file model_0.txt (compact mmCIF, C-alpha atoms)
# COMPACT_ATOMS: atom_id res chain seq x y z
CA MET A 1 18.55 85.75 -82.74
CA ASN A 2 18.94 83.70 -85.90
CA CYS A 3 21.32 80.84 -86.62
CA HIS A 4 23.92 83.09 -88.21
CA GLU A 5 24.02 85.35 -85.16
CA PHE A 6 24.22 82.31 -82.87
CA GLU A 7 27.13 80.98 -84.88
CA GLU A 8 28.96 84.25 -84.35
CA LYS A 9 28.35 84.09 -80.60
CA LEU A 10 29.17 80.41 -80.19
CA ASP A 11 32.85 80.75 -79.27
CA GLY A 12 32.08 83.43 -76.71
CA LEU A 13 29.33 81.25 -75.32
CA ILE A 14 31.63 78.26 -74.96
CA ASP A 15 34.34 80.42 -73.43
CA GLU A 16 31.82 81.98 -71.05
CA GLU A 17 32.80 85.43 -72.18
CA LEU A 18 29.40 86.63 -73.35
CA PRO A 19 27.47 89.22 -71.32
CA GLU A 20 24.47 87.83 -69.47
CA GLU A 21 22.02 89.32 -71.97
CA GLU A 22 23.79 87.68 -74.91
CA GLN A 23 23.86 84.35 -73.09
CA ARG A 24 20.14 84.63 -72.49
CA ARG A 25 19.49 85.32 -76.17
CA CYS A 26 21.61 82.32 -77.13
CA ARG A 27 19.69 80.10 -74.71
CA GLU A 28 16.40 81.32 -76.15
CA HIS A 29 17.62 80.48 -79.62
CA THR A 30 18.80 76.98 -78.74
CA GLU A 31 15.47 76.25 -77.10
CA ILE A 32 13.79 76.56 -80.48
CA CYS A 33 16.64 75.51 -82.81
CA SER A 34 17.77 71.92 -82.48
CA HIS A 35 20.53 72.39 -85.06
CA CYS A 36 22.28 75.12 -83.06
CA ARG A 37 21.58 73.30 -79.81
CA GLU A 38 23.33 70.23 -81.19
CA LYS A 39 26.20 72.32 -82.44
CA GLU A 40 26.69 73.88 -79.03
CA THR A 41 26.72 70.40 -77.48
CA GLN A 42 29.36 69.30 -79.97
CA TYR A 43 31.54 72.30 -79.17
CA ARG A 44 31.29 71.63 -75.47
CA ARG A 45 32.19 67.98 -75.89
CA ILE A 46 35.18 68.89 -78.03
CA ARG A 47 36.29 71.33 -75.36
CA GLN A 48 35.99 68.69 -72.67
CA ALA A 49 37.88 66.11 -74.68
CA ALA A 50 40.57 68.65 -75.57
CA LEU A 51 41.18 69.30 -71.88
CA ALA A 52 41.69 65.59 -71.43
CA THR A 53 44.60 65.59 -73.88
CA SER A 54 46.76 67.30 -71.27
CA CYS A 55 49.40 64.91 -70.07
CA GLN A 56 52.26 64.63 -67.65
CA ALA A 57 55.88 64.94 -68.56
CA PRO A 58 57.86 61.69 -68.50
CA PRO A 59 59.58 61.22 -65.15
CA GLU A 60 62.99 61.33 -66.80
CA LEU A 61 62.54 64.84 -68.21
CA ALA A 62 63.68 66.75 -65.12
CA SER A 63 66.79 64.62 -64.67
CA ALA A 64 67.58 64.89 -68.40
CA VAL A 65 67.46 68.68 -68.15
CA GLU A 66 69.65 68.68 -65.06
CA ALA A 67 72.13 66.36 -66.76
CA ARG A 68 72.36 68.63 -69.80
CA LEU A 69 73.01 71.58 -67.50
CA GLY A 70 75.64 69.63 -65.61
CA PHE A 71 73.76 69.73 -62.32
CA ALA A 72 74.57 67.22 -59.64
CA ARG A 73 71.97 64.46 -59.50
CA ARG A 74 69.20 65.12 -57.08
CA LYS A 75 66.90 62.63 -55.43
CA ARG A 76 63.55 62.94 -57.16
CA SER A 77 60.14 62.52 -55.69
CA LYS A 78 57.64 60.06 -57.07
CA PRO A 79 56.54 61.56 -60.35
CA TRP A 80 52.81 61.41 -59.75
CA VAL A 81 53.04 63.08 -56.40
CA GLY A 82 54.68 66.08 -57.94
CA ALA A 83 56.18 67.04 -54.61
CA VAL A 84 55.21 70.66 -54.79
CA ALA A 85 56.00 71.16 -51.18
CA SER A 86 57.52 74.58 -50.97
CA ALA A 87 55.21 77.49 -50.44
CA ALA A 88 57.11 79.53 -52.98
CA VAL A 89 56.51 77.03 -55.73
CA LEU A 90 52.91 76.61 -54.75
CA ALA A 91 52.39 80.32 -55.11
CA LEU A 92 54.26 80.33 -58.37
CA LEU A 93 52.08 77.61 -59.78
CA ALA A 94 48.95 79.47 -58.87
CA GLY A 95 49.72 82.05 -61.50
CA GLY A 96 50.52 79.61 -64.18
CA GLY A 97 47.53 78.40 -66.13
CA TYR A 98 48.86 75.09 -65.01
CA GLY A 99 46.74 72.05 -64.65
CA LEU A 100 47.95 68.53 -64.86
CA TRP A 101 47.40 65.51 -62.74
CA GLN A 102 49.60 65.84 -59.79
CA ALA A 103 49.10 65.97 -56.10
CA THR A 104 49.75 69.04 -54.09
CA LEU A 105 50.50 68.82 -50.42
CA LEU A 106 48.68 71.46 -48.48
CA ALA A 107 50.08 72.80 -45.26
CA ASP A 108 48.93 70.88 -42.23
CA ASP A 109 47.37 73.97 -40.71
CA SER A 110 44.86 74.04 -43.55
CA LEU A 111 43.07 71.22 -41.80
CA SER A 112 41.03 71.28 -38.67
CA ASP A 113 42.85 68.17 -37.45
CA PRO A 114 46.58 68.98 -37.17
CA ASN A 115 47.46 65.29 -37.29
CA LYS A 116 46.16 64.89 -40.81
CA GLU A 117 47.11 66.32 -44.14
CA GLN A 118 45.31 66.72 -47.40
CA ILE A 119 46.52 65.94 -50.88
CA ASN A 120 44.61 67.50 -53.72
CA GLY A 121 45.19 65.50 -56.85
CA ASN A 122 44.80 67.06 -60.23
CA TRP A 123 44.59 70.67 -61.30
CA GLN A 124 43.96 72.56 -58.15
CA THR A 125 45.81 75.53 -59.55
CA ASP A 126 44.15 75.63 -62.94
CA PRO A 127 42.54 79.05 -63.28
CA LEU A 128 39.68 77.55 -65.23
CA MET A 129 38.82 75.01 -62.61
CA PRO A 130 39.77 76.15 -59.15
CA VAL A 131 39.27 73.52 -56.51
CA PRO A 132 38.37 74.84 -53.08
CA GLU A 133 41.08 74.17 -50.57
CA GLU A 134 38.86 73.31 -47.64
CA ALA A 135 39.41 69.85 -46.31
CA GLU A 136 35.82 69.14 -45.37
CA PRO A 137 34.17 66.47 -47.51
CA PRO A 138 31.77 67.77 -50.15
CA ALA A 139 28.18 67.71 -48.94
CA ASN A 140 26.62 65.74 -51.71
CA ILE A 141 28.11 62.25 -51.74
CA LEU A 142 27.02 60.36 -54.83
CA ASP A 143 25.25 57.06 -54.49
CA GLU A 144 24.33 55.14 -57.63
CA GLU A 145 21.05 56.98 -58.07
CA LYS A 146 22.60 60.40 -57.71
CA LEU A 147 25.35 59.38 -60.06
CA ASP A 148 22.75 58.48 -62.67
CA GLY A 149 21.19 61.88 -62.18
CA PHE A 150 24.48 63.68 -62.53
CA TRP A 151 25.64 61.79 -65.60
CA LYS A 152 23.16 63.02 -68.15
CA GLU A 153 25.08 61.57 -71.08
CA PRO A 154 26.63 58.13 -70.58
CA GLY A 155 29.64 58.98 -72.69
CA ALA A 156 30.31 62.37 -71.17
CA ILE A 157 33.47 63.23 -69.32
CA TYR A 158 33.61 65.65 -66.42
CA PRO A 159 36.33 67.51 -64.54
CA PHE A 160 37.50 65.59 -61.52
CA VAL A 161 39.83 65.82 -58.62
CA VAL A 162 41.13 63.38 -56.05
CA LYS A 163 41.20 64.48 -52.44
CA VAL A 164 43.09 62.43 -49.90
CA ILE A 165 42.78 63.13 -46.20
CA CYS A 166 44.94 60.91 -44.09
CA PRO A 167 47.58 60.82 -41.38
CA PRO A 168 51.08 61.44 -42.73
CA GLU A 169 52.12 57.84 -42.12
CA LYS A 170 49.39 56.61 -44.46
CA ARG A 171 50.27 59.02 -47.22
CA GLU A 172 52.62 56.65 -48.99
CA GLN A 173 50.10 53.85 -49.03
CA ALA A 174 47.27 56.06 -50.20
CA SER A 175 49.51 57.44 -52.92
CA GLN A 176 50.48 53.99 -54.10
CA THR A 177 46.90 52.75 -54.24
CA LEU A 178 45.78 55.83 -56.10
CA PHE A 179 48.72 55.63 -58.45
CA GLU A 180 47.88 52.03 -59.31
CA GLY A 181 44.24 52.98 -59.75
CA MET A 182 45.05 55.89 -62.03
CA GLN A 183 47.27 53.68 -64.18
CA THR A 184 44.28 51.60 -65.23
CA LEU A 185 42.10 54.46 -66.41
CA GLU A 186 41.33 55.49 -69.93
CA THR A 187 40.81 59.14 -69.06
CA GLY A 188 42.65 59.31 -65.78
CA GLY A 189 45.80 61.00 -66.99
CA GLY A 190 44.08 64.29 -67.57
CA ARG A 191 41.64 66.55 -65.87
CA MET A 192 38.49 64.80 -67.02
CA ILE A 193 37.02 61.45 -66.22
CA CYS A 194 34.31 59.27 -67.72
CA ARG A 195 31.83 57.38 -65.62
CA ALA A 196 33.38 53.97 -66.17
CA ASP A 197 36.74 55.27 -65.02
CA LEU A 198 35.26 56.95 -61.98
CA GLU A 199 33.78 53.60 -61.01
CA LEU A 200 37.08 51.81 -61.63
CA LEU A 201 38.99 54.23 -59.46
CA TYR A 202 36.35 54.08 -56.74
CA GLN A 203 36.39 50.29 -56.71
CA ARG A 204 40.19 50.11 -56.72
CA VAL A 205 40.50 52.40 -53.72
CA SER A 206 37.59 50.75 -51.92
CA GLN A 207 39.38 47.41 -52.13
CA ASP A 208 42.20 48.77 -50.01
CA PRO A 209 41.31 47.71 -46.45
CA PHE A 210 43.00 50.76 -44.96
CA LEU A 211 41.29 53.37 -47.09
CA ASN A 212 37.74 54.64 -47.34
CA CYS A 213 36.48 56.01 -50.60
CA ASP A 214 33.51 58.15 -51.61
CA ARG A 215 32.41 59.79 -54.80
CA ALA A 216 31.06 63.28 -54.55
CA VAL A 217 30.33 66.45 -56.45
CA GLN A 218 32.00 69.68 -55.47
CA PRO A 219 29.66 72.50 -56.53
CA MET A 220 31.41 75.45 -58.10
CA PRO A 221 30.17 79.05 -57.98
CA GLU A 222 27.45 79.59 -60.54
CA GLY A 223 28.66 80.89 -63.86
CA THR A 224 32.32 80.14 -63.23
CA VAL A 225 33.27 76.55 -63.93
CA PRO A 226 31.48 73.20 -64.15
CA ASP A 227 30.85 71.30 -60.96
CA VAL A 228 33.74 68.99 -60.16
CA LEU A 229 33.61 65.29 -59.41
CA VAL A 230 35.60 64.34 -56.35
CA VAL A 231 37.10 60.99 -55.44
CA LEU A 232 37.40 61.44 -51.71
CA VAL A 233 39.87 59.10 -50.02
CA THR A 234 40.24 58.98 -46.24
CA ALA A 235 42.30 56.82 -43.91
CA GLU A 236 42.31 56.55 -40.18
CA MET B 1 52.51 85.21 -56.23
CA ARG B 2 54.74 87.44 -58.29
CA THR B 3 57.02 87.88 -55.28
CA ALA B 4 57.47 84.12 -55.07
CA GLU B 5 58.37 84.05 -58.76
CA GLN B 6 60.85 86.83 -58.27
CA GLN B 7 62.45 85.06 -55.34
CA LEU B 8 62.77 81.87 -57.31
CA VAL B 9 64.26 83.65 -60.32
CA ARG B 10 66.71 85.55 -58.13
CA ARG B 11 67.87 82.32 -56.52
CA ILE B 12 68.43 80.79 -59.94
CA LEU B 13 70.35 83.84 -61.14
CA LYS B 14 72.58 83.56 -58.10
CA GLY B 15 73.50 80.08 -59.25
CA ASP B 16 71.19 78.06 -57.02
CA GLU B 17 70.80 74.82 -58.98
CA ALA B 18 68.14 73.53 -56.63
CA ALA B 19 66.03 76.58 -57.42
CA PHE B 20 66.17 75.84 -61.12
CA SER B 21 65.22 72.24 -60.39
CA GLU B 22 62.18 73.61 -58.57
CA LEU B 23 61.28 75.60 -61.65
CA VAL B 24 61.67 72.52 -63.86
CA GLU B 25 59.59 70.47 -61.45
CA ALA B 26 56.88 73.11 -61.44
CA TYR B 27 56.68 73.71 -65.18
CA GLN B 28 57.68 70.38 -66.73
CA HIS B 29 54.12 69.22 -67.30
CA LEU B 30 53.03 72.51 -68.79
CA VAL B 31 56.01 72.54 -71.12
CA TYR B 32 55.81 68.89 -72.13
CA SER B 33 52.07 68.92 -72.65
CA THR B 34 52.26 72.02 -74.82
CA ALA B 35 55.20 70.64 -76.79
CA LEU B 36 53.37 67.37 -77.35
CA SER B 37 50.20 69.12 -78.50
CA ILE B 38 52.12 71.12 -81.05
CA SER B 39 54.56 68.45 -82.22
CA GLN B 40 52.18 65.48 -81.91
CA ASN B 41 55.16 63.24 -81.30
CA ARG B 42 56.32 62.08 -77.87
CA ASP B 43 60.00 61.84 -78.72
CA ASP B 44 59.93 65.29 -80.26
CA ALA B 45 58.07 66.64 -77.26
CA MET B 46 60.80 65.31 -74.99
CA ASP B 47 63.51 66.96 -77.10
CA ILE B 48 61.57 70.20 -77.31
CA SER B 49 60.96 70.25 -73.56
CA GLN B 50 64.65 69.87 -72.82
CA GLU B 51 65.46 72.63 -75.28
CA VAL B 52 62.85 74.87 -73.64
CA PHE B 53 64.39 74.51 -70.21
CA LEU B 54 67.88 75.11 -71.59
CA ARG B 55 66.61 78.32 -73.23
CA ILE B 56 64.93 79.35 -69.98
CA TYR B 57 68.16 78.80 -68.09
CA ARG B 58 70.21 80.77 -70.59
CA ARG B 59 67.74 83.62 -70.97
CA LEU B 60 66.41 84.01 -67.47
CA ASP B 61 68.51 87.10 -66.80
CA GLY B 62 66.52 88.79 -69.55
CA PHE B 63 63.17 88.10 -67.90
CA ARG B 64 61.90 91.44 -66.60
CA PHE B 65 58.66 90.34 -64.88
CA GLU B 66 56.66 92.31 -67.41
CA SER B 67 54.44 89.25 -67.72
CA ALA B 68 53.79 86.21 -65.59
CA LEU B 69 56.65 83.74 -65.63
CA SER B 70 54.28 81.15 -67.07
CA THR B 71 53.46 83.43 -70.02
CA TRP B 72 57.17 83.86 -70.72
CA ILE B 73 57.71 80.09 -70.50
CA TYR B 74 54.75 79.42 -72.79
CA ARG B 75 56.23 81.85 -75.30
CA ILE B 76 59.58 80.07 -75.27
CA CYS B 77 57.85 76.71 -75.50
CA VAL B 78 55.67 77.61 -78.47
CA THR B 79 58.62 79.14 -80.31
CA ALA B 80 60.84 76.13 -79.62
CA ALA B 81 58.14 73.70 -80.68
CA LEU B 82 57.50 75.55 -83.93
CA ASP B 83 61.24 75.83 -84.62
CA PHE B 84 61.62 72.12 -84.04
CA CYS B 85 58.68 71.13 -86.23
CA ARG B 86 59.77 73.39 -89.06
CA ALA B 87 63.36 72.20 -88.89
CA ARG B 88 62.48 68.56 -89.09
CA ASN B 89 59.54 69.17 -91.35
CA ARG B 90 57.91 66.15 -89.84
CA HIS B 91 54.44 67.49 -89.89
CA SER B 92 52.58 67.56 -93.10
CA THR B 93 49.24 69.11 -92.35
CA VAL B 94 46.21 68.14 -94.32
CA SER B 95 43.92 71.00 -95.11
CA LEU B 96 40.21 70.55 -95.02
CA THR B 97 40.07 71.35 -98.69
CA SER B 98 42.24 68.41 -99.55
CA ALA B 99 40.37 66.31 -97.06
CA GLU B 100 37.11 67.05 -98.75
CA GLU B 101 38.66 65.89 -101.96
CA GLY B 102 39.34 62.58 -100.31
CA ASN B 103 43.02 62.94 -99.51
CA GLY B 104 44.50 61.97 -96.19
CA TRP B 105 41.43 60.89 -94.31
CA ASP B 106 40.82 57.49 -92.95
CA VAL B 107 37.12 57.39 -92.29
CA PRO B 108 35.74 54.24 -90.69
CA ASP B 109 32.50 53.69 -92.58
CA GLU B 110 30.75 51.86 -89.79
CA ASP B 111 30.96 54.92 -87.56
CA PHE B 112 28.86 56.90 -89.97
CA ALA B 113 25.71 55.12 -88.92
CA PRO B 114 23.85 57.80 -86.93
CA ASP B 115 23.08 55.52 -84.00
CA ARG B 116 26.74 54.55 -83.73
CA VAL B 117 27.73 58.20 -83.89
CA LEU B 118 25.42 59.02 -81.02
CA GLU B 119 26.88 56.24 -78.91
CA ARG B 120 30.51 56.91 -79.68
CA LEU B 121 32.54 58.46 -76.88
CA LEU B 122 34.58 61.42 -77.96
CA THR B 123 38.03 60.69 -76.59
CA ALA B 124 41.26 62.55 -76.12
CA GLU B 125 42.72 60.40 -78.89
CA ASP B 126 40.09 61.68 -81.32
CA ILE B 127 41.15 65.21 -80.46
CA ARG B 128 44.82 64.35 -80.90
CA GLN B 129 44.11 62.99 -84.36
CA GLY B 130 42.25 66.18 -85.20
CA MET B 131 45.07 68.35 -83.87
CA ALA B 132 47.60 66.48 -85.96
CA ARG B 133 45.65 67.57 -89.02
CA LEU B 134 45.27 71.19 -88.04
CA GLU B 135 47.59 73.64 -89.71
CA GLU B 136 50.30 74.92 -87.40
CA GLU B 137 48.77 78.35 -86.82
CA TYR B 138 45.51 76.78 -85.69
CA ARG B 139 47.12 73.97 -83.70
CA VAL B 140 49.01 76.48 -81.58
CA VAL B 141 45.99 78.56 -80.56
CA PHE B 142 43.83 75.47 -80.08
CA THR B 143 46.52 74.03 -77.78
CA LEU B 144 46.83 77.19 -75.74
CA ARG B 145 43.09 77.81 -75.42
CA ASP B 146 41.34 74.46 -75.35
CA VAL B 147 44.07 72.21 -73.98
CA GLN B 148 46.02 74.55 -71.70
CA GLY B 149 43.13 76.83 -70.82
CA LEU B 150 44.81 80.20 -71.41
CA SER B 151 42.67 83.30 -71.84
CA TYR B 152 42.56 85.14 -75.17
CA ASP B 153 44.73 87.88 -73.71
CA GLN B 154 47.28 85.39 -72.42
CA ILE B 155 47.41 83.73 -75.83
CA ALA B 156 47.96 87.11 -77.45
CA ALA B 157 50.84 87.74 -75.03
CA VAL B 158 52.37 84.33 -75.74
CA THR B 159 52.05 84.41 -79.51
CA GLY B 160 52.42 88.12 -80.16
CA LEU B 161 49.20 88.09 -82.17
CA GLU B 162 46.50 90.73 -81.91
CA PRO B 163 43.63 89.64 -79.64
CA GLY B 164 41.24 89.82 -82.59
CA THR B 165 43.45 87.50 -84.59
CA VAL B 166 43.66 85.10 -81.67
CA LYS B 167 39.89 85.05 -81.43
CA SER B 168 39.34 84.41 -85.10
CA ARG B 169 41.99 81.69 -85.23
CA ILE B 170 40.50 79.90 -82.25
CA SER B 171 37.10 80.08 -83.87
CA ARG B 172 38.48 78.72 -87.12
CA ALA B 173 40.44 76.00 -85.33
CA ARG B 174 37.34 74.79 -83.52
CA LYS B 175 35.34 74.72 -86.72
CA LYS B 176 38.02 72.67 -88.39
CA MET B 177 38.24 70.33 -85.43
CA ARG B 178 34.48 69.82 -85.39
CA LEU B 179 34.43 69.20 -89.10
CA PHE B 180 37.19 66.64 -88.77
CA LEU B 181 35.36 64.84 -85.98
CA LEU B 182 32.15 64.83 -87.96
CA LYS B 183 34.05 63.34 -90.84
CA GLN B 184 35.44 60.72 -88.53
CA GLY B 185 32.01 60.06 -87.11
CA THR B 186 33.23 60.78 -83.59
CA CYS B 187 31.34 63.97 -82.92
CA ARG B 188 27.68 63.71 -82.23
CA GLY B 189 25.79 65.40 -85.05
CA GLN B 190 22.55 65.41 -86.85
CA GLY B 191 23.92 64.58 -90.23
CA PRO B 192 27.65 64.12 -90.11
CA SER B 193 28.28 63.12 -93.65
CA ASN B 194 26.23 65.94 -95.11
CA GLU B 195 27.46 68.68 -92.86
CA ALA B 196 31.04 67.54 -92.99
CA GLY B 197 30.92 67.89 -96.72
CA LYS B 198 29.97 71.55 -96.63
CA GLY B 199 33.47 72.69 -95.88
CA GLU B 200 32.47 74.92 -93.05
CA GLY B 201 34.80 77.74 -92.34
CA GLU B 202 36.66 77.42 -95.59

call {"tool": "encode", "arguments": {"input": "model_0.txt", "output": "structure tokens"}}
result
Amino acid sequence: MNCHEFEEKLDGLIDEELPEEEQRRCREHTEICSHCREKETQYRRIRQAALATSCQAPPELASAVEARLGFARRKRSKPWVGAVASAAVLALLAGGGYGLWQATLLADDSLSDPNKEQINGNWQTDPLMPVPEEAEPPANILDEEKLDGFWKEPGAIYPFVVKVICPPEKREQASQTLFEGMQTLETGGGRMICRADLELLYQRVSQDPFLNCDRAVQPMPEGTVPDVLVVLVTAE
Amino acid sequence: MRTAEQQLVRRILKGDEAAFSELVEAYQHLVYSTALSISQNRDDAMDISQEVFLRIYRRLDGFRFESALSTWIYRICVTAALDFCRARNRHSTVSLTSAEEGNGWDVPDEDFAPDRVLERLLTAEDIRQGMARLEEEYRVVFTLRDVQGLSYDQIAAVTGLEPGTVKSRISRARKKMRLFLLKQGTCRGQGPSNEAGKGEGE
């Protein structure tokens, strides 16, 4: 493969739509061509940063729409929680290419402990980045050393999700702490997070005496999506 | 999944206001984020989003479940956003050709130092600036693919373009975005000033 051929394959490579053989040929080319290797890196970084431009609607949008339609005013949930409680809407979202920072309440029976519930923050339903629904903590908790190993480029941003496992009575508090933590982040409004922001969020949650916080990596099936960083929040 | 959509739509068509509120709640971020990406203006995105949901409400009886509800909503959103932008003519796009001639670019010289370029974090704001300079046809496909994460086929369904055209526009949009970022010194590269001057893709 020469540089011209690589250029033609680059979009398919980034979109993970190339057949295995073509991917292998591209990898062989980038091993010997620093120019194309650098270009691929740039494309991937642009893709990551583009994902981070996703944003939430202002909290007043829904009520503005209802007002224009003449609907009676309805009590709204906290905007960041998203309050996607009905199974019908959950199922509807799953088909939607939908992926913004919001928390989704999973049914209590999805957990081994019926007295706890799990909130998956972020884009659980995004078809590009499915987050497993199991409530068990990811196996590989990140200490500082592992974090260094994971973060190959200091400036890189990675897909992330917040998982909260707590008794229902602690949900409000956990939500508030996380909300305040998310407000302070540079990249926290989207689906990606930089290392500094991951640390900020971790520290903010860790300061809450009622919450425990871990950082972890949730491995994704090979060849599907990037591994996902997890901010795992638990409360007793 | 589709059954849940159908149930929701049927409830709305029967006049269940709460059901429509559920739909708004579920799709408001998708709609607003798409509208903002295309309009590049928060106030406009708010106006466009409201208009989108009004159109959905008025036209829902014409939705035949021939596509996913989200695809139909994306289609309405993209159309409304383009209508809005064209009507107000707020967006003057700057082509790469004119940019190469030195028009419309604000390039911070200090970021052109290679070591600074390597250190610089590529942020969402950099991408937003690049998107604001993309021509409308490229901004739409870039939004749907690289921001919203739709597949090529979904983008074809939303825009009505042939899949081949979608593919080529996405490719061109990414080239333009990369070139812009190289110009700005925000995309890691081996020789940003030289390569940015080649006019790749033009």

call {"tool": "atom_distance", "arguments": {"input": "model_0.txt", "atom1": "atom CA of A:Leu51", "atom2": "atom CA of B:Arg145"}}
result
9.4 Å

call {"tool": "residues_around", "arguments": {"input": "model_0.txt", "residues": "stretch 195-211 of chain A", "least_positions_apart": "3", "cutoff": "7 Å", "atoms": "only C-alpha atoms", "output": "NGL selection string"}}
result
:A and (177-178 or 181-182 or 185-187 or 233-235)

call {"tool": "write_last_selection", "arguments": {"input": "model_0.txt", "atoms": "C-alpha atoms", "output": "compact mmCIF listing (two decimals), keeping the file's coordinate frame"}}
result
# COMPACT_ATOMS: atom_id res chain seq x y z
CA THR A 177 46.90 52.75 -54.24
CA LEU A 178 45.78 55.83 -56.10
CA GLY A 181 44.24 52.98 -59.75
CA MET A 182 45.05 55.89 -62.03
CA LEU A 185 42.10 54.46 -66.41
CA GLU A 186 41.33 55.49 -69.93
CA THR A 187 40.81 59.14 -69.06
CA VAL A 233 39.87 59.10 -50.02
CA THR A 234 40.24 58.98 -46.24
CA ALA A 235 42.30 56.82 -43.91

call {"tool": "interface_residues", "arguments": {"input": "model_0.txt", "of": "chain B", "to": "chain A", "cutoff": "8 Å", "atoms": "only C-alpha atoms", "output": "number ranges by chain"}}
result
B: 1-2, 4-5, 8, 17, 21-30, 32-33, 46, 49-50, 53-54, 68-71, 119-125, 127-128, 146-150, 171, 174, 178, 187-190

call {"tool": "atom_distance", "arguments": {"input": "model_0.txt", "atom1": "atom CA of A:Cys26", "atom2": "atom CA of A:Ile14"}}
result
11.0 Å

call {"tool": "atom_distance", "arguments": {"input": "model_0.txt", "atom1": "atom CA of B:Met131", "atom2": "atom CA of B:Leu36"}}
result
10.6 Å

call {"tool": "closest_residue", "arguments": {"input": "model_0.txt", "among": "B:Arg139, B:Lys176, B:Arg55, B:Arg169", "to": "B:Gln40", "atoms": "only C-alpha atoms"}}
result
B:Arg139

call {"tool": "residues_around", "arguments": {"input": "model_0.txt", "residues": "stretch 80-82 of chain B", "least_positions_apart": "6", "cutoff": "7 Å", "atoms": "only C-alpha atoms", "output": "PyMOL selection string"}}
result
chain B and resi 35+38-39+48+52

call {"tool": "write_last_selection", "arguments": {"input": "model_0.txt", "atoms": "C-alpha atoms", "output": "PDB file, keeping the file's coordinate frame"}}
result
ATOM      1  CA  ALA B  35      55.200  70.640 -76.790  1.00  0.00           C
ATOM      2  CA  ILE B  38      52.120  71.120 -81.050  1.00  0.00           C
ATOM      3  CA  SER B  39      54.560  68.450 -82.220  1.00  0.00           C
ATOM      4  CA  ILE B  48      61.570  70.200 -77.310  1.00  0.00           C
ATOM      5  CA  VAL B  52      62.850  74.870 -73.640  1.00  0.00           C
TER       6      VAL B  52
END

call {"tool": "residues_near_point", "arguments": {"input": "model_0.txt", "point": "(20.1, 85.3, -82.9)", "cutoff": "7 Å", "atoms": "only C-alpha atoms", "output": "JSON list (two decimals) with C-alpha atoms, in the coordinates of the input"}}
result
[["chain", "number", "residue", "atom", "x", "y", "z"],
["A", 1, "MET", "CA", 18.55, 85.75, -82.74],
["A", 2, "ASN", "CA", 18.94, 83.70, -85.90],
["A", 3, "CYS", "CA", 21.32, 80.84, -86.62],
["A", 4, "HIS", "CA", 23.92, 83.09, -88.21],
["A", 5, "GLU", "CA", 24.02, 85.35, -85.16],
["A", 6, "PHE", "CA", 24.22, 82.31, -82.87],
["A", 25, "ARG", "CA", 19.49, 85.32, -76.17],
["A", 26, "CYS", "CA", 21.61, 82.32, -77.13],
["A", 29, "HIS", "CA", 17.62, 80.48, -79.62]]

call {"tool": "residues_around", "arguments": {"input": "model_0.txt", "residues": "stretch 154-167 of chain B", "least_positions_apart": "4", "cutoff": "9 Å", "atoms": "only C-alpha atoms", "output": "short mmCIF file (atom, residue, chain, number, x, y, z; two decimals) with C-alpha atoms, in the coordinates of the input"}}
result
data_model
loop_
_atom_site.label_atom_id
_atom_site.label_comp_id
_atom_site.auth_asym_id
_atom_site.auth_seq_id
_atom_site.Cartn_x
_atom_site.Cartn_y
_atom_site.Cartn_z
CA ASP A 11 32.85 80.75 -79.27
CA SER B 67 54.44 89.25 -67.72
CA THR B 71 53.46 83.43 -70.02
CA TRP B 72 57.17 83.86 -70.72
CA ILE B 73 57.71 80.09 -70.50
CA TYR B 74 54.75 79.42 -72.79
CA ARG B 75 56.23 81.85 -75.30
CA ILE B 76 59.58 80.07 -75.27
CA VAL B 78 55.67 77.61 -78.47
CA THR B 79 58.62 79.14 -80.31
CA VAL B 140 49.01 76.48 -81.58
CA VAL B 141 45.99 78.56 -80.56
CA LEU B 144 46.83 77.19 -75.74
CA ARG B 145 43.09 77.81 -75.42
CA LEU B 150 44.81 80.20 -71.41
CA SER B 171 37.10 80.08 -83.87
CA ARG B 172 38.48 78.72 -87.12
#

call {"tool": "decode", "arguments": {"input": "model_0.txt", "residues": "stretch 39-45 of chain B", "atoms": "N, CA and C atoms", "output": "compact mmCIF listing (two decimals), in the first residue's frame"}}
result
# COMPACT_ATOMS: atom_id res chain seq x y z
N SER B 39 -26.16 25.41 13.38
CA SER B 39 -26.34 26.88 13.43
C SER B 39 -25.15 27.60 14.04
N GLN B 40 -24.43 26.90 14.93
CA GLN B 40 -23.29 27.50 15.63
C GLN B 40 -23.68 28.74 16.41
N ASN B 41 -24.89 28.74 16.91
CA ASN B 41 -25.36 29.88 17.71
C ASN B 41 -26.37 29.35 18.72
N ARG B 42 -26.15 29.59 19.99
CA ARG B 42 -26.99 28.98 21.02
C ARG B 42 -28.43 29.50 20.97
N ASP B 43 -28.59 30.80 20.76
CA ASP B 43 -29.94 31.33 20.68
C ASP B 43 -30.69 30.74 19.49
N ASP B 44 -29.99 30.66 18.37
CA ASP B 44 -30.62 30.08 17.18
C ASP B 44 -30.96 28.61 17.42
N ALA B 45 -30.06 27.91 18.10
CA ALA B 45 -30.30 26.49 18.36
C ALA B 45 -31.54 26.30 19.22
